[in-house]
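Q: Following this message is one structure expressed as structure tokens.
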Amino acid sequence: MSIRKRITLVAGARPNFMKIAPIVHAIIKDGSMDYRIVHTGQHYDKVMSDTFFEELNIPKPDANLGCGGGSQAEQTAKIMMAFEQDLMLNETDLVVVVGDVTSTMACTIAAEKLHVKVAHVEAGIRSYDMTMPEEVNRMVTDSIADYYFTTTEEAKALLESKRVPSSKVFFVGNVMIDTLMTNYDRLCKPDFYDKMNLKQGEYLVMTMHRPNNVDNIVHFDLMLKEICENADGLPIIFPIHPRTAKMMTEGGMHIQNLHLVEPLGYLEFNYLVRNSKAVVTDSGGVTEETTVMGVPCMTLRDNTERPETCTVGTNELIGTNPANIAPAMKRLMRGEWKKGGIPEKWDGKAAERIVAVLKTLVE
Ligand code: UDP
């Protein structure tokens with residue numbers, strides 16, 4: 001009699017939920033392995049966590065480690081301690097971590113120290129910017145994990161250049177795009193859309209939450225002013241990340257065409273993006289979604305760990321200098337943005353490919 005193998009899937013923060021959803025669904029569809037979902041509690045409230053489980057039909061987590069809040073080091077330590085306990089009580093054949101949040105790194109360390117194998121989904125991407133907490137998370141995770149699933153051929157090559165054996169690296173495509181494709185026809189209008197009289201192609205969407213952009217209030221205010229003043233009066237909808245909300249000044253909140261809204265659910269947010277004229281962002285995941293939806297995307301960062309969104313997709317790095325914003329906004333408003341294509345294997349089947357490999361890894 002063969003014993004069923006068990007995968008433990010880790011998720012902690014908003015950008016993890018859309019990545020685990022298709023993997024869980026593919027494991028369920030395949031039916032040959034058992035799984036547990038461990039939520040570390042890094043993001044814990046309704047708008048940053050629960051909504052995604054409901055909207056994306058992710059089964060309720062089997063464990064919630066309740067490790068929200070604290071500094072980077074405190075959070076890492078809390079998650080490591082709690083996940084170690086969880087793994088000691090619940091036998092698992094393989095841990096799957098996704099993305100680049102603190103939970104990704106902390107759970108990888110805890111599992112490896114218990115000699116439990118780890119597979120990293122979205123491995124091998126680098127911004128080479130060590131001031132980003134995510135870059136540290138990526139580098140640590142990729143230096144100790146056992147198996148690697150990549151979104152691009154370049155990410156696979158990067159890992160191989162770090163002497164990871166190619167037999168452990170699998171170029172499978174992008175699970176974020178699986179989620180987008182699965183839910184494309186379910187995307188739904190936010191409540192405020194009609195109330196605000198928003199019209200297709202006549203508004204912008206903005207998301208900003210990276211410490212480099214929002215932690216210096218003077219700089220952040222200047223960026224907001226440049227974006228809003230150069231938008232030809234179009235409304236800019238800004239679902240505001242809790243981290244950014246803490247930093248907003250009265251000045252920023254009262255710019256006439258800037259509309260602050262709560263963080264949105266996945267279906268509403270991507271409805272808004274799909275129908276917008278363009279997106280201004282410092283998010284990584286959003287640049288992948290705009291690429292696939294063909295929506296012009298202006299990224300206010302000096303680097304990206306997702307270069308394919310620029311070389312193939314609709315994304316352009318404008319940098320963080322406020323002086324760069326007006327010329328880019330003018331091009332955007334004139335409709336002179338580049339048209340993009342879709343990177344290889346961003347086809348909605350990444351999770352299927354991952355599960356086909358996972359089965360061979362736990363055999
Ligand atoms: N997102 C969302 N609601 C929002 C803003 C973003 O559902 O109000 C989704 C977005 O579609 C993408 C993900 O959140 O799937 C990106 O998360 P985030 O920007 O927090 O992380 P990053 O990708 O920068 O790591």
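Residue numbering restarts at 1 for every chain of the structure tokens, chains are lettered A, B, ... in their displayed order, and ligands are numbered from 1 as they appear.
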Set out as JSON lines a contact list for chain A and ligand 1 with a cut-off of 9 Å, giving each residue of chain A that qualifies its closest atom pair and distance in Å to one decimal, counting only C-alpha atoms and all ligand atoms, ordered by chain and rising residue number.
A:
{"residue": "A:Ala13", "atom": "CA", "partner": "ligand 1", "partner_atom_place_in_ligand_line": "20 (O)", "distance": 7.7}
{"residue": "A:Arg14", "atom": "CA", "partner": "ligand 1", "partner_atom_place_in_ligand_line": "20 (O)", "distance": 5.5}
{"residue": "A:Pro15", "atom": "CA", "partner": "ligand 1", "partner_atom_place_in_ligand_line": "17 (O)", "distance": 4.2}
{"residue": "A:Asn16", "atom": "CA", "partner": "ligand 1", "partner_atom_place_in_ligand_line": "17 (O)", "distance": 8.0}
{"residue": "A:Phe17", "atom": "CA", "partner": "ligand 1", "partner_atom_place_in_ligand_line": "15 (O)", "distance": 8.4}
{"residue": "A:Met18", "atom": "CA", "partner": "ligand 1", "partner_atom_place_in_ligand_line": "15 (O)", "distance": 6.1}
{"residue": "A:Lys19", "atom": "CA", "partner": "ligand 1", "partner_atom_place_in_ligand_line": "15 (O)", "distance": 8.4}
{"residue": "A:Val47", "atom": "CA", "partner": "ligand 1", "partner_atom_place_in_ligand_line": "3 (N)", "distance": 8.3}
{"residue": "A:Met48", "atom": "CA", "partner": "ligand 1", "partner_atom_place_in_ligand_line": "3 (N)", "distance": 7.9}
{"residue": "A:Thr51", "atom": "CA", "partner": "ligand 1", "partner_atom_place_in_ligand_line": "7 (O)", "distance": 8.9}
{"residue": "A:Phe52", "atom": "CA", "partner": "ligand 1", "partner_atom_place_in_ligand_line": "7 (O)", "distance": 7.6}
{"residue": "A:Gly99", "atom": "CA", "partner": "ligand 1", "partner_atom_place_in_ligand_line": "25 (O)", "distance": 7.6}
{"residue": "A:Asp100", "atom": "CA", "partner": "ligand 1", "partner_atom_place_in_ligand_line": "25 (O)", "distance": 7.2}
{"residue": "A:Val101", "atom": "CA", "partner": "ligand 1", "partner_atom_place_in_ligand_line": "25 (O)", "distance": 7.5}
{"residue": "A:Glu134", "atom": "CA", "partner": "ligand 1", "partner_atom_place_in_ligand_line": "25 (O)", "distance": 8.0}
{"residue": "A:Met176", "atom": "CA", "partner": "ligand 1", "partner_atom_place_in_ligand_line": "15 (O)", "distance": 6.8}
{"residue": "A:Thr179", "atom": "CA", "partner": "ligand 1", "partner_atom_place_in_ligand_line": "15 (O)", "distance": 8.5}
{"residue": "A:Leu180", "atom": "CA", "partner": "ligand 1", "partner_atom_place_in_ligand_line": "15 (O)", "distance": 8.1}
{"residue": "A:Met206", "atom": "CA", "partner": "ligand 1", "partner_atom_place_in_ligand_line": "5 (C)", "distance": 8.8}
{"residue": "A:Thr207", "atom": "CA", "partner": "ligand 1", "partner_atom_place_in_ligand_line": "5 (C)", "distance": 6.5}
{"residue": "A:Met208", "atom": "CA", "partner": "ligand 1", "partner_atom_place_in_ligand_line": "19 (O)", "distance": 7.7}
{"residue": "A:His209", "atom": "CA", "partner": "ligand 1", "partner_atom_place_in_ligand_line": "19 (O)", "distance": 7.3}
{"residue": "A:Arg210", "atom": "CA", "partner": "ligand 1", "partner_atom_place_in_ligand_line": "24 (O)", "distance": 7.6}
{"residue": "A:Phe238", "atom": "CA", "partner": "ligand 1", "partner_atom_place_in_ligand_line": "8 (O)", "distance": 8.1}
{"residue": "A:Pro239", "atom": "CA", "partner": "ligand 1", "partner_atom_place_in_ligand_line": "8 (O)", "distance": 4.8}
{"residue": "A:Ile240", "atom": "CA", "partner": "ligand 1", "partner_atom_place_in_ligand_line": "8 (O)", "distance": 6.8}
{"residue": "A:His241", "atom": "CA", "partner": "ligand 1", "partner_atom_place_in_ligand_line": "8 (O)", "distance": 7.0}
{"residue": "A:Val261", "atom": "CA", "partner": "ligand 1", "partner_atom_place_in_ligand_line": "8 (O)", "distance": 8.4}
{"residue": "A:Glu262", "atom": "CA", "partner": "ligand 1", "partner_atom_place_in_ligand_line": "8 (O)", "distance": 7.0}
{"residue": "A:Pro263", "atom": "CA", "partner": "ligand 1", "partner_atom_place_in_ligand_line": "8 (O)", "distance": 3.7}
{"residue": "A:Leu264", "atom": "CA", "partner": "ligand 1", "partner_atom_place_in_ligand_line": "8 (O)", "distance": 3.8}
{"residue": "A:Gly265", "atom": "CA", "partner": "ligand 1", "partner_atom_place_in_ligand_line": "7 (O)", "distance": 4.7}
{"residue": "A:Tyr266", "atom": "CA", "partner": "ligand 1", "partner_atom_place_in_ligand_line": "7 (O)", "distance": 3.4}
{"residue": "A:Leu267", "atom": "CA", "partner": "ligand 1", "partner_atom_place_in_ligand_line": "7 (O)", "distance": 6.9}
{"residue": "A:Glu268", "atom": "CA", "partner": "ligand 1", "partner_atom_place_in_ligand_line": "7 (O)", "distance": 7.4}
{"residue": "A:Phe269", "atom": "CA", "partner": "ligand 1", "partner_atom_place_in_ligand_line": "3 (N)", "distance": 4.9}
{"residue": "A:Asn270", "atom": "CA", "partner": "ligand 1", "partner_atom_place_in_ligand_line": "11 (O)", "distance": 5.6}
{"residue": "A:Val273", "atom": "CA", "partner": "ligand 1", "partner_atom_place_in_ligand_line": "11 (O)", "distance": 8.4}
{"residue": "A:Thr281", "atom": "CA", "partner": "ligand 1", "partner_atom_place_in_ligand_line": "19 (O)", "distance": 8.2}
{"residue": "A:Asp282", "atom": "CA", "partner": "ligand 1", "partner_atom_place_in_ligand_line": "24 (O)", "distance": 6.6}
{"residue": "A:Ser283", "atom": "CA", "partner": "ligand 1", "partner_atom_place_in_ligand_line": "24 (O)", "distance": 3.3}
{"residue": "A:Gly284", "atom": "CA", "partner": "ligand 1", "partner_atom_place_in_ligand_line": "23 (O)", "distance": 4.0}
{"residue": "A:Gly285", "atom": "CA", "partner": "ligand 1", "partner_atom_place_in_ligand_line": "23 (O)", "distance": 3.3}
{"residue": "A:Val286", "atom": "CA", "partner": "ligand 1", "partner_atom_place_in_ligand_line": "12 (C)", "distance": 5.0}
{"residue": "A:Thr287", "atom": "CA", "partner": "ligand 1", "partner_atom_place_in_ligand_line": "23 (O)", "distance": 7.9}
{"residue": "A:Glu288", "atom": "CA", "partner": "ligand 1", "partner_atom_place_in_ligand_line": "12 (C)", "distance": 8.5}
{"residue": "A:Glu289", "atom": "CA", "partner": "ligand 1", "partner_atom_place_in_ligand_line": "11 (O)", "distance": 6.9}
Q: Take the residues from that selection and put them in a file with C-alpha atoms, as a short mmCIF file (atom, residue, chain, number, x, y, z; two decimals), in the first residue's frame.
A:
data_model
loop_
_atom_site.label_atom_id
_atom_site.label_comp_id
_atom_site.auth_asym_id
_atom_site.auth_seq_id
_atom_site.Cartn_x
_atom_site.Cartn_y
_atom_site.Cartn_z
CA ALA A 13 1.08 38.17 3.13
CA ARG A 14 -1.13 39.57 0.36
CA PRO A 15 1.07 38.76 -2.63
CA ASN A 16 1.32 35.14 -1.45
CA PHE A 17 -2.38 34.38 -1.60
CA MET A 18 -2.78 34.75 -5.36
CA LYS A 19 0.29 32.51 -5.74
CA VAL A 47 -8.69 43.53 3.50
CA MET A 48 -5.14 42.16 3.36
CA THR A 51 -10.87 38.54 1.34
CA PHE A 52 -8.37 36.68 -0.85
CA GLY A 99 7.32 34.75 -3.47
CA ASP A 100 9.61 36.89 -1.37
CA VAL A 101 7.93 37.96 1.84
CA GLU A 134 12.31 41.27 -0.26
CA MET A 176 0.15 34.88 -10.61
CA THR A 179 -4.85 33.25 -10.96
CA LEU A 180 -5.46 36.16 -13.31
CA MET A 206 -1.94 53.78 -8.43
CA THR A 207 -0.37 51.51 -5.81
CA MET A 208 2.64 52.49 -3.71
CA HIS A 209 3.97 50.76 -0.64
CA ARG A 210 7.74 50.16 -0.93
CA PHE A 238 -5.24 54.83 -5.06
CA PRO A 239 -6.11 51.73 -3.00
CA ILE A 240 -3.90 52.50 -0.10
CA HIS A 241 -1.72 49.83 1.53
CA VAL A 261 -9.71 53.96 -1.20
CA GLU A 262 -9.20 50.98 1.10
CA PRO A 263 -7.07 48.11 -0.25
CA LEU A 264 -9.36 46.28 -2.68
CA GLY A 265 -10.13 42.62 -3.09
CA TYR A 266 -8.39 40.86 -5.99
CA LEU A 267 -11.44 40.80 -8.26
CA GLU A 268 -12.22 44.49 -7.80
CA PHE A 269 -8.61 45.63 -8.02
CA ASN A 270 -7.96 43.85 -11.28
CA VAL A 273 -6.69 47.84 -13.62
CA THR A 281 2.99 51.48 -9.18
CA ASP A 282 5.95 50.24 -7.20
CA SER A 283 4.53 46.72 -6.84
CA GLY A 284 6.16 43.74 -8.50
CA GLY A 285 3.08 41.57 -8.93
CA VAL A 286 1.05 44.37 -10.45
CA THR A 287 3.62 44.79 -13.26
CA GLU A 288 3.08 41.13 -14.20
CA GLU A 289 -0.70 41.55 -14.29
#
Q: Quick check for you: according to DSSP on this backbone, which residues of stretch 169-363 of chain A are classed as strand (DSSP E or B)? Reply as a ChimeraX atom specification.
A: /A:169-171,204-207,236-239,258-261,278-281,297-299,315-317
Q: May I have the selected residues written with C-alpha atoms, as an mmCIF file, in the first residue's frame?
A:
data_model
loop_
_atom_site.group_PDB
_atom_site.id
_atom_site.type_symbol
_atom_site.label_atom_id
_atom_site.label_comp_id
_atom_site.auth_asym_id
_atom_site.auth_seq_id
_atom_site.Cartn_x
_atom_site.Cartn_y
_atom_site.Cartn_z
ATOM 1 C CA VAL A 169 15.351 24.041 -11.209
ATOM 2 C CA PHE A 170 12.080 23.972 -13.136
ATOM 3 C CA PHE A 171 10.950 26.744 -15.474
ATOM 4 C CA LEU A 204 -5.508 55.857 -13.605
ATOM 5 C CA VAL A 205 -4.797 53.327 -10.873
ATOM 6 C CA MET A 206 -1.944 53.778 -8.435
ATOM 7 C CA THR A 207 -0.373 51.511 -5.814
ATOM 8 C CA ILE A 236 -6.361 58.577 -9.941
ATOM 9 C CA ILE A 237 -7.658 55.747 -7.806
ATOM 10 C CA PHE A 238 -5.236 54.829 -5.058
ATOM 11 C CA PRO A 239 -6.105 51.730 -3.000
ATOM 12 C CA LEU A 258 -6.368 61.700 -6.101
ATOM 13 C CA HIS A 259 -8.950 59.316 -4.656
ATOM 14 C CA LEU A 260 -7.832 57.205 -1.728
ATOM 15 C CA VAL A 261 -9.714 53.959 -1.204
ATOM 16 C CA ALA A 278 -2.676 53.145 -17.089
ATOM 17 C CA VAL A 279 -1.197 52.057 -13.786
ATOM 18 C CA VAL A 280 1.427 53.828 -11.697
ATOM 19 C CA THR A 281 2.990 51.482 -9.177
ATOM 20 C CA CYS A 297 2.425 50.485 -16.517
ATOM 21 C CA MET A 298 4.799 53.062 -15.095
ATOM 22 C CA THR A 299 6.967 51.762 -12.254
ATOM 23 C CA ASN A 315 6.121 48.114 -17.921
ATOM 24 C CA GLU A 316 8.663 50.919 -17.874
ATOM 25 C CA LEU A 317 11.000 51.812 -15.002
#
Q: Pick from A:Lys168, A:Arg138, A:Arg36, A:Lys359: nearest to A:Arg126, with only C-alpha atoms counted?
A: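 Of A:Lys168, A:Arg138, A:Arg36, A:Lys359, the one nearest A:Arg126, counting only C-alpha atoms, is A:Arg138.
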Q: Extract, using only C-alpha atoms, all DNA, RNA and protein residues at most 7 Å from A:Ser103, discarding same-chain residues fewer than 5 positions from it, and format them as a PyMOL selection string.
A: chain A and resi 12+40+79
Q: Tell me which of A:Gly201, A:Pro165, A:Gly66, A:Pro242 sits closest to A:Leu332, counting only C-alpha atoms.
A: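 Ranked by minimum distance to A:Leu332, first place goes to A:Gly201.
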Q: Which of stretch 178-348 of chain A counts as alpha helix (DSSP H) under DSSP, as a PyMOL selection string please?
A: chain A and resi 178-183+192-195+211-214+217-229+242-245+250-253+266-274+285-293+308-311+325-333
